[in-house]
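Enquirer: Have a look at this one before I ask anything.
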Number of protein chains: 2
Amino acid sequence: MPEKLIVIGGGTAGTSVALHVRKKAPDMDITIFTKDKHTAYSPCGIPFVLSGQVSSFEELIMHDVQNYKDQCIDVQTNTEVTAIDLPSKSIIANGKQFCYDKLVIATGSLSLIPQIPGTDKKGVYILRSLDDGQKVKDAMNNAKKAVIVGAGPTGLEIATAFIKVGIDTTVVEKAPYVLPCMLDPDMASPVQNHLEDLGVKVMTGFSLGSINGSDNVEFVTIGKEVVTADLVILCTGTMPSTCLSRQAGIGVGETEGIKVDSAMRVAENVYAAGDCVEVMNCITNRPCLSPRGSSAVMQAKVVAENVCGGSMVFGPVLHPTICLVGDLQVGSVGVTSNVAKNAELTPVEGKAKGLTRSSYYPEAKKINIKLLFFEKRLIGAQVISEEGAKERIDALSLVIKSGMTAQQMLMAETCYAPPMSAIVDVLTLALEDVIDL
Amino acid sequence: MPEKLIVIGGGTAGTSVALHVRKKAPDMDITIFTKDKHTAYSPCGIPFVLSGQVSSFEELIMHDVQNYKDQCIDVQTNTEVTAIDLPSKSIIANGKQFCYDKLVIATGSLSLIPQIPGTDKKGVYILRSLDDGQKVKDAMNNAKKAVIVGAGPTGLEIATAFIKVGIDTTVVEKAPYVLPCMLDPDMASPVQNHLEDLGVKVMTGFSLGSINGSDNVEFVTIGKEVVTADLVILCTGTMPSTCLSRQAGIGVGETEGIKVDSAMRVAENVYAAGDCVEVMNCITNRPCLSPRGSSAVMQAKVVAENVCGGSMVFGPVLHPTICLVGDLQVGSVGVTSNVAKNAELTPVEGKAKGLTRSSYYPEAKKINIKLLFFEKRLIGAQVISEEGAKERIDALSLVIKSGMTAQQMLMAETCYAPPMSAIVDVLTLALEDVIDL
């Protein structure tokens, strides 16, 4: 009898595990259970369908069910797993018991809903599934004024989409600056300026007080202000989806994510991957969450390898993150100054502004970079530019992992040609700002 | 009396030394001698003035003479230094003797002219100075057919400029593929295809035989072919300009570049920097030349530090290089397969093709990457894409310097957002191609 693998969750982590296992174990019997009607899609793409840059939600679906069938992976859509029974190595779905040899929990995350009056009014949305996306897309047709709650990457990408189609948009953020999980205040400031130049109203340091209206949302309160709105989007973060696991006696950590060992193992023959797990932060050495598609893909690879008898390790994370706010690519990796200080790693800063091309070359873009060092080694970086920020964040992710010192970084050579770079790269300027640290 | 610094050469290396020294030593008496009528300009920008993307040659001049005067740096333009006398610590320029306490030789490089008949005909150009650039720009007005000799970065950038303004253009390259100093044949092939798609005729594996015509060039011979041409550009490489140094008894190495120690010192109180010096290759540990603006800037910093009493070291080079061929950014760092094999470092290859954005995102660009490993460590990389290649080459330059293994590289995280990246980066795919090495 072939070994039987059950994967709970049809998102990026779950489907990636199944596809990787199929490559390594052609005979394994693989079933994915998902309560969604779609298999893995790209939730990160939803704001760009709303903006019209991507033409339809269907384009965000990575593979359809048939594609999995073609690889002998059984996908049970619209099927919620209601119990895991570890002792009998089985799960319950649709009232039926299914046995496994290996189990992978990839139950993802849930949106956090602010505990304020009125979140149930018509016109108030969260954005998780493609169905959510479609509802918001439909609502945009008649919307005049929107309030977006939360100035994280998704909130700001949606704000950009709304303003683009002519909806009067306000963003409310309880932190004193935008993108607080990615940036320091001084780097957040040009991003906020850019949003305001686009026409977005940004209210930082405020929480949403209430959502009001008879049936549909009509206005919200923000501090003492009353802001009229016919569309409210809640982008107030996520939490690991762990009810099923906790009911089965599986432990969660201080972040509420499922506790796994470095092999992403929960218990014998049971693994977890994706937004539902707790991982370790590479800089602070403290538990953290890493609810990102690229992290899910890496974790899935580790789980698949280990499901098939390997011994691969998922290391601590650096969270390289990039988002597009209007025309600005905004990226960060490692820790912000706040996170560093909370972990008692008081950082030394190197900052520089430069250009992405020779100053005389057309369309040279401004680039703004901030590096954080602790004991001569990079622990965080923030980059803002209209081009090349993603590749720079990836580079700095590699640098942090390598353990290079600032001095060693400064000695590395950068390439130069007028249409693509300045003769002295902005990274070099930022390093020179810090080099006597 | 303030110390007296004489810098021979007003290019990137020479002027950068002067500017850095001025910052560190406000009282130093600094004179730059240059036989050119301009101070440092960006020769790399010339092809983009020819193409019309940059509007004038004046824009390529980094600082004018007044700018140096404002910083109390005396610049003697149109002034050739004809002798260096080390024992008396003096130089001769315009028949007059000038004494120095510290001397910096930054005499740059000379174009190599193929030893064939007809290089003196009208319509045959090299492209070194802004005056050369202006002459070619003028000649382009009446040119119908051009031949470019040499398919290095400059040759291909000029070919792109010519074809853009409607000149029928042939590139001749004696190596069997284009960009032979940067790429392996398999990576050169898509670049050649792109040039041909743009309308450039590319003849690899051929040397120019002769340049013919009564007064002006009328045709050239390439192998057995006769190619009509009214414009010929020789982009057949450069050599260090060292006559002056050799006359003074200063030694040159096997590459014909001035021999310097790791502090860029030639002799007591005498330093050299830029295209005229021999440096070490970081991968092969053999002497090499590094005639690039970004290398000159780094060397200048080291020389300036040491002129001012410091003890800074210029390490072995990796030659990160980038050029724009039509729409393609083509970059490389470290060694090519050929150079590796000649140094008895038989490389293991990892190759991948991917996209720069999510496949559903508009204008996702193809990206093509090749990594070369020796004993599990990166020794070379080649990247071709319409976007982000420069930043990726810089990243891989850092990686080589860090000494990370392929496995460690694979464990580094990359960031993801649909408008700027694929969920699995092409670097990861190339590493997976090689990871069982």
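Following the order of the structure tokens, chains are lettered A, B, ..., residues in each are numbered from 1, and ligands are numbered from 1.
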Excluding region 271-273 of chain B and its own-chain neighbours fewer than 5 positions away, which residues fall within 7 Å of it when counting only C-alpha atoms? Please give them as a list of chain:residue names.
Expert: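 Near region 271-273 of chain B, the qualifying residues are B:Ala13, B:Leu103, B:Val104, B:Ile105, B:Ala106, B:Met264, B:Arg265, B:Val266, B:Ala296, B:Gln299, B:Ala300, B:Val303.
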Enquirer: Please, could you write that set of residues out with N, CA and C atoms as a PDB file, in the first residue's frame?
Expert:
ATOM      1  N   ALA B  13      39.902  58.440 -11.988  1.00  0.00           N
ATOM      2  CA  ALA B  13      40.795  58.075 -10.880  1.00  0.00           C
ATOM      3  C   ALA B  13      41.496  59.322 -10.338  1.00  0.00           C
ATOM      4  N   LEU B 103      53.052  61.748  -5.122  1.00  0.00           N
ATOM      5  CA  LEU B 103      52.703  61.717  -6.547  1.00  0.00           C
ATOM      6  C   LEU B 103      51.673  60.613  -6.795  1.00  0.00           C
ATOM      7  N   VAL B 104      50.653  60.921  -7.582  1.00  0.00           N
ATOM      8  CA  VAL B 104      49.677  59.903  -7.981  1.00  0.00           C
ATOM      9  C   VAL B 104      49.654  59.809  -9.506  1.00  0.00           C
ATOM     10  N   ILE B 105      49.903  58.618  -9.987  1.00  0.00           N
ATOM     11  CA  ILE B 105      49.893  58.379 -11.435  1.00  0.00           C
ATOM     12  C   ILE B 105      48.533  57.801 -11.804  1.00  0.00           C
ATOM     13  N   ALA B 106      47.788  58.544 -12.613  1.00  0.00           N
ATOM     14  CA  ALA B 106      46.451  58.099 -13.031  1.00  0.00           C
ATOM     15  C   ALA B 106      46.327  58.401 -14.522  1.00  0.00           C
ATOM     16  N   MET B 264      48.134  50.287  -3.207  1.00  0.00           N
ATOM     17  CA  MET B 264      48.183  51.005  -4.489  1.00  0.00           C
ATOM     18  C   MET B 264      49.442  51.873  -4.581  1.00  0.00           C
ATOM     19  N   ARG B 265      50.496  51.436  -3.921  1.00  0.00           N
ATOM     20  CA  ARG B 265      51.741  52.183  -3.898  1.00  0.00           C
ATOM     21  C   ARG B 265      52.700  51.632  -4.953  1.00  0.00           C
ATOM     22  N   VAL B 266      53.378  52.550  -5.654  1.00  0.00           N
ATOM     23  CA  VAL B 266      54.337  52.185  -6.697  1.00  0.00           C
ATOM     24  C   VAL B 266      55.750  52.222  -6.120  1.00  0.00           C
ATOM     25  N   ALA B 296      37.965  52.514 -10.613  1.00  0.00           N
ATOM     26  CA  ALA B 296      38.815  53.702 -10.446  1.00  0.00           C
ATOM     27  C   ALA B 296      38.408  54.484  -9.202  1.00  0.00           C
ATOM     28  N   GLN B 299      39.617  52.577  -6.123  1.00  0.00           N
ATOM     29  CA  GLN B 299      41.078  52.678  -5.992  1.00  0.00           C
ATOM     30  C   GLN B 299      41.460  54.080  -5.521  1.00  0.00           C
ATOM     31  N   ALA B 300      40.772  55.080  -6.048  1.00  0.00           N
ATOM     32  CA  ALA B 300      41.078  56.468  -5.687  1.00  0.00           C
ATOM     33  C   ALA B 300      40.895  56.693  -4.191  1.00  0.00           C
ATOM     34  N   VAL B 303      43.887  55.184  -2.455  1.00  0.00           N
ATOM     35  CA  VAL B 303      45.077  56.018  -2.651  1.00  0.00           C
ATOM     36  C   VAL B 303      44.981  57.279  -1.794  1.00  0.00           C
TER      37      VAL B 303
END
Enquirer: Can you list every residue in region 226-359 of chain B that DSSP puts in helix (DSSP H, G or I), as a count of residues only?
Expert: 26
Enquirer: From the set A:Tyr68, A:Phe314, A:Tyr100, A:Phe374, which residue has the shortest atom-to-atom contact distance to chain B, counting only C-alpha atoms?
Expert: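 Distance minimum relative to chain B lands on A:Phe314.
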Enquirer: Quick one: residues within 10 Å of region 200-204 of chain B, only C-alpha atoms counted, chain neighbours fewer than 5 positions away excluded, as a list of chain:residue names?
Expert: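 Surrounding residues, per the criterion: B:Val147, B:Ile148, B:Val149, B:Gly150, B:Ala151, B:Leu156, B:Ala159, B:Thr160, B:Phe162, B:Ile163, B:Lys164, B:Ile167, B:Asp168, B:Thr169, B:Thr170, B:Val171, B:Val172, B:Glu173, B:Lys174, B:Ala175, B:Pro176, B:Tyr177, B:Val178, B:Gln192, B:Asn193, B:His194, B:Leu195, B:Ile222, B:Gly223.
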Enquirer: If we count only C-alpha atoms, which residues of chain B reach to within 7 Å of chain A? Please list them as a PyMOL selection string.
Expert: chain B and resi 44-45+53-54+59-60+293-294+320-323+360-362+388+390-392+394-395+397-398+401-402+404+409+412-418+420+423-424
Enquirer: Export N, CA and C atoms of the chosen residues as an mmCIF file, in the first residue's frame?
Expert:
data_model
loop_
_atom_site.group_PDB
_atom_site.id
_atom_site.type_symbol
_atom_site.label_atom_id
_atom_site.label_comp_id
_atom_site.auth_asym_id
_atom_site.auth_seq_id
_atom_site.Cartn_x
_atom_site.Cartn_y
_atom_site.Cartn_z
ATOM 1 N N CYS B 44 31.659 56.340 -20.425
ATOM 2 C CA CYS B 44 30.614 55.316 -20.552
ATOM 3 C C CYS B 44 29.307 55.917 -21.061
ATOM 4 N N GLY B 45 29.187 57.235 -20.959
ATOM 5 C CA GLY B 45 27.955 57.870 -21.396
ATOM 6 C C GLY B 45 27.930 58.195 -22.884
ATOM 7 N N GLN B 53 19.684 59.580 -26.325
ATOM 8 C CA GLN B 53 19.036 59.456 -25.013
ATOM 9 C C GLN B 53 19.562 60.490 -24.023
ATOM 10 N N VAL B 54 20.830 60.855 -24.177
ATOM 11 C CA VAL B 54 21.390 61.972 -23.407
ATOM 12 C C VAL B 54 21.610 63.092 -24.415
ATOM 13 N N GLU B 59 26.827 67.208 -20.835
ATOM 14 C CA GLU B 59 26.204 66.595 -19.661
ATOM 15 C C GLU B 59 27.078 65.508 -19.035
ATOM 16 N N LEU B 60 28.028 64.992 -19.822
ATOM 17 C CA LEU B 60 28.865 63.899 -19.320
ATOM 18 C C LEU B 60 30.012 64.398 -18.449
ATOM 19 N N GLY B 293 35.183 52.589 -14.496
ATOM 20 C CA GLY B 293 35.012 53.779 -13.674
ATOM 21 C C GLY B 293 34.796 53.464 -12.215
ATOM 22 N N SER B 294 33.949 52.446 -11.936
ATOM 23 C CA SER B 294 33.637 52.146 -10.536
ATOM 24 C C SER B 294 34.864 51.605 -9.810
ATOM 25 N N PRO B 320 32.472 43.294 -11.406
ATOM 26 C CA PRO B 320 31.048 43.338 -11.765
ATOM 27 C C PRO B 320 30.839 44.334 -12.903
ATOM 28 N N THR B 321 30.158 43.890 -13.930
ATOM 29 C CA THR B 321 30.024 44.681 -15.155
ATOM 30 C C THR B 321 28.584 44.634 -15.628
ATOM 31 N N ILE B 322 28.103 45.765 -16.104
ATOM 32 C CA ILE B 322 26.741 45.795 -16.644
ATOM 33 C C ILE B 322 26.745 46.633 -17.913
ATOM 34 N N CYS B 323 25.969 46.231 -18.904
ATOM 35 C CA CYS B 323 25.810 47.079 -20.087
ATOM 36 C C CYS B 323 24.394 46.929 -20.636
ATOM 37 N N TYR B 360 1.146 36.876 -14.050
ATOM 38 C CA TYR B 360 -0.095 37.556 -14.418
ATOM 39 C C TYR B 360 0.045 39.070 -14.392
ATOM 40 N N TYR B 361 1.177 39.576 -13.920
ATOM 41 C CA TYR B 361 1.330 41.030 -13.801
ATOM 42 C C TYR B 361 1.825 41.600 -15.132
ATOM 43 N N PRO B 362 1.256 42.754 -15.547
ATOM 44 C CA PRO B 362 1.637 43.299 -16.857
ATOM 45 C C PRO B 362 3.140 43.576 -16.955
ATOM 46 N N GLY B 388 16.408 45.065 -13.489
ATOM 47 C CA GLY B 388 16.942 44.521 -12.246
ATOM 48 C C GLY B 388 18.266 43.786 -12.341
ATOM 49 N N LYS B 390 21.344 44.919 -12.870
ATOM 50 C CA LYS B 390 22.444 45.607 -12.164
ATOM 51 C C LYS B 390 22.430 45.263 -10.673
ATOM 52 N N GLU B 391 21.237 45.332 -10.067
ATOM 53 C CA GLU B 391 21.148 45.084 -8.631
ATOM 54 C C GLU B 391 21.446 43.621 -8.318
ATOM 55 N N ARG B 392 21.071 42.734 -9.236
ATOM 56 C CA ARG B 392 21.356 41.315 -9.020
ATOM 57 C C ARG B 392 22.858 41.041 -9.122
ATOM 58 N N ASP B 394 25.234 43.166 -8.444
ATOM 59 C CA ASP B 394 25.817 43.703 -7.206
ATOM 60 C C ASP B 394 25.600 42.726 -6.046
ATOM 61 N N ALA B 395 24.421 42.133 -5.985
ATOM 62 C CA ALA B 395 24.119 41.162 -4.926
ATOM 63 C C ALA B 395 25.080 39.979 -5.015
ATOM 64 N N SER B 397 27.983 39.922 -6.427
ATOM 65 C CA SER B 397 29.322 40.403 -6.094
ATOM 66 C C SER B 397 29.528 40.315 -4.578
ATOM 67 N N LEU B 398 28.530 40.765 -3.826
ATOM 68 C CA LEU B 398 28.577 40.654 -2.364
ATOM 69 C C LEU B 398 28.669 39.191 -1.930
ATOM 70 N N LYS B 401 32.155 37.761 -2.437
ATOM 71 C CA LYS B 401 33.074 38.287 -1.415
ATOM 72 C C LYS B 401 32.796 37.663 -0.042
ATOM 73 N N SER B 402 31.529 37.312 0.216
ATOM 74 C CA SER B 402 31.175 36.783 1.540
ATOM 75 C C SER B 402 31.644 35.343 1.737
ATOM 76 N N MET B 404 29.877 32.726 0.974
ATOM 77 C CA MET B 404 28.731 31.846 1.249
ATOM 78 C C MET B 404 28.754 30.627 0.325
ATOM 79 N N MET B 409 23.228 30.174 0.281
ATOM 80 C CA MET B 409 22.511 31.105 -0.597
ATOM 81 C C MET B 409 21.054 30.686 -0.753
ATOM 82 N N ALA B 412 18.785 31.690 2.028
ATOM 83 C CA ALA B 412 18.475 33.113 2.203
ATOM 84 C C ALA B 412 17.092 33.371 1.609
ATOM 85 N N GLU B 413 16.342 34.253 2.253
ATOM 86 C CA GLU B 413 14.988 34.550 1.788
ATOM 87 C C GLU B 413 14.997 35.678 0.762
ATOM 88 N N THR B 414 14.052 35.619 -0.162
ATOM 89 C CA THR B 414 13.865 36.703 -1.122
ATOM 90 C C THR B 414 12.471 37.293 -0.899
ATOM 91 N N CYS B 415 12.303 38.533 -1.290
ATOM 92 C CA CYS B 415 11.005 39.158 -1.045
ATOM 93 C C CYS B 415 10.082 38.987 -2.258
ATOM 94 N N TYR B 416 8.816 39.191 -2.022
ATOM 95 C CA TYR B 416 7.824 38.894 -3.060
ATOM 96 C C TYR B 416 6.661 39.873 -3.015
ATOM 97 N N ALA B 417 6.375 40.460 -4.154
ATOM 98 C CA ALA B 417 5.109 41.156 -4.397
ATOM 99 C C ALA B 417 4.892 41.094 -5.901
ATOM 100 N N PRO B 418 3.660 40.826 -6.333
ATOM 101 C CA PRO B 418 3.414 40.548 -7.751
ATOM 102 C C PRO B 418 3.994 41.575 -8.738
ATOM 103 N N MET B 420 6.702 43.209 -8.651
ATOM 104 C CA MET B 420 8.156 43.337 -8.635
ATOM 105 C C MET B 420 8.918 42.034 -8.586
ATOM 106 N N ILE B 423 7.054 34.613 -7.122
ATOM 107 C CA ILE B 423 7.025 34.088 -5.750
ATOM 108 C C ILE B 423 8.268 33.237 -5.475
ATOM 109 N N VAL B 424 8.750 32.525 -6.484
ATOM 110 C CA VAL B 424 10.042 31.844 -6.374
ATOM 111 C C VAL B 424 11.005 32.584 -7.293
#
Enquirer: Name the residues in contact with Ile92 (chain A) at a cut-off of 12 Å, using only C-alpha atoms, excluding same-chain residues fewer than 6 positions from it; report them as a PyMOL selection string.
Expert: chain A and resi 6+8+33+79-86+98-100+244+248
Enquirer: Since we have the selection now, will you write its residues out, keeping C-alpha atoms, as a PDB file, in the first residue's frame?
Expert:
ATOM      1  CA  ILE A   6      -3.153  14.366   3.959  1.00  0.00           C
ATOM      2  CA  ILE A   8      -5.123  20.387   5.435  1.00  0.00           C
ATOM      3  CA  PHE A  33      -8.608  19.261   1.885  1.00  0.00           C
ATOM      4  CA  THR A  79     -14.419  20.573   2.344  1.00  0.00           C
ATOM      5  CA  GLU A  80     -13.677  21.702   5.864  1.00  0.00           C
ATOM      6  CA  VAL A  81     -11.645  19.476   8.140  1.00  0.00           C
ATOM      7  CA  THR A  82     -13.409  19.570  11.510  1.00  0.00           C
ATOM      8  CA  ALA A  83     -11.110  17.408  13.634  1.00  0.00           C
ATOM      9  CA  ILE A  84      -7.613  15.956  13.791  1.00  0.00           C
ATOM     10  CA  ASP A  85      -7.141  12.813  15.860  1.00  0.00           C
ATOM     11  CA  LEU A  86      -3.444  12.267  16.391  1.00  0.00           C
ATOM     12  CA  PHE A  98      -9.775   9.775   6.649  1.00  0.00           C
ATOM     13  CA  CYS A  99      -6.592   8.066   7.799  1.00  0.00           C
ATOM     14  CA  TYR A 100      -3.091   9.328   7.088  1.00  0.00           C
ATOM     15  CA  LEU A 244      -8.387  22.836  14.622  1.00  0.00           C
ATOM     16  CA  ALA A 248      -6.254  18.262  18.727  1.00  0.00           C
TER      17      ALA A 248
END
Enquirer: For region 335-352 of chain A, please output as a VMD selection string all residues within 9 Å (counting only C-alpha atoms; exclusion window: fewer than 3 positions along the same chain).
Expert: chain A and resid 180 to 184 281 283 to 286 318 to 319 332 367 to 376 379 to 382 426 to 435 437
Enquirer: If you run DSSP on the backbone, which residues of region 128-316 of chain A are strand (DSSP E), as a ChimeraX atom specification?
Expert: /A:145-149,168-173,201-204,208-212,219-222,225-228,231-234,238-240,265-267,270-272,278-280,287-289
Enquirer: Separation of CA of Thr238 (chain A) and CA of Asp275 (chain A), in Å?
Expert: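 A separation of 9.0 Å between them.
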Enquirer: Nearest residue to Gln134 (chain B) out of B:Ile32, B:Ala364, B:Val17, B:Leu50, using only C-alpha atoms?
Expert: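 Checking each candidate against Gln134 (chain B), we get B:Leu50 as the closest.
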Enquirer: Neighbours of Asp120 (chain B) within 12 Å (only C-alpha atoms; same-chain residues fewer than 6 positions away dropped), as a list of chain:residue names?
Expert: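 Here the qualifying residues turn out to be B:Ile113, B:Pro114, B:Ile126, B:Ser210, B:Ile211, B:Asn212, B:Gly213, B:Ser214, B:Asp215, B:Asn216, B:Val217, B:Val232, B:Ile233, B:Leu234.
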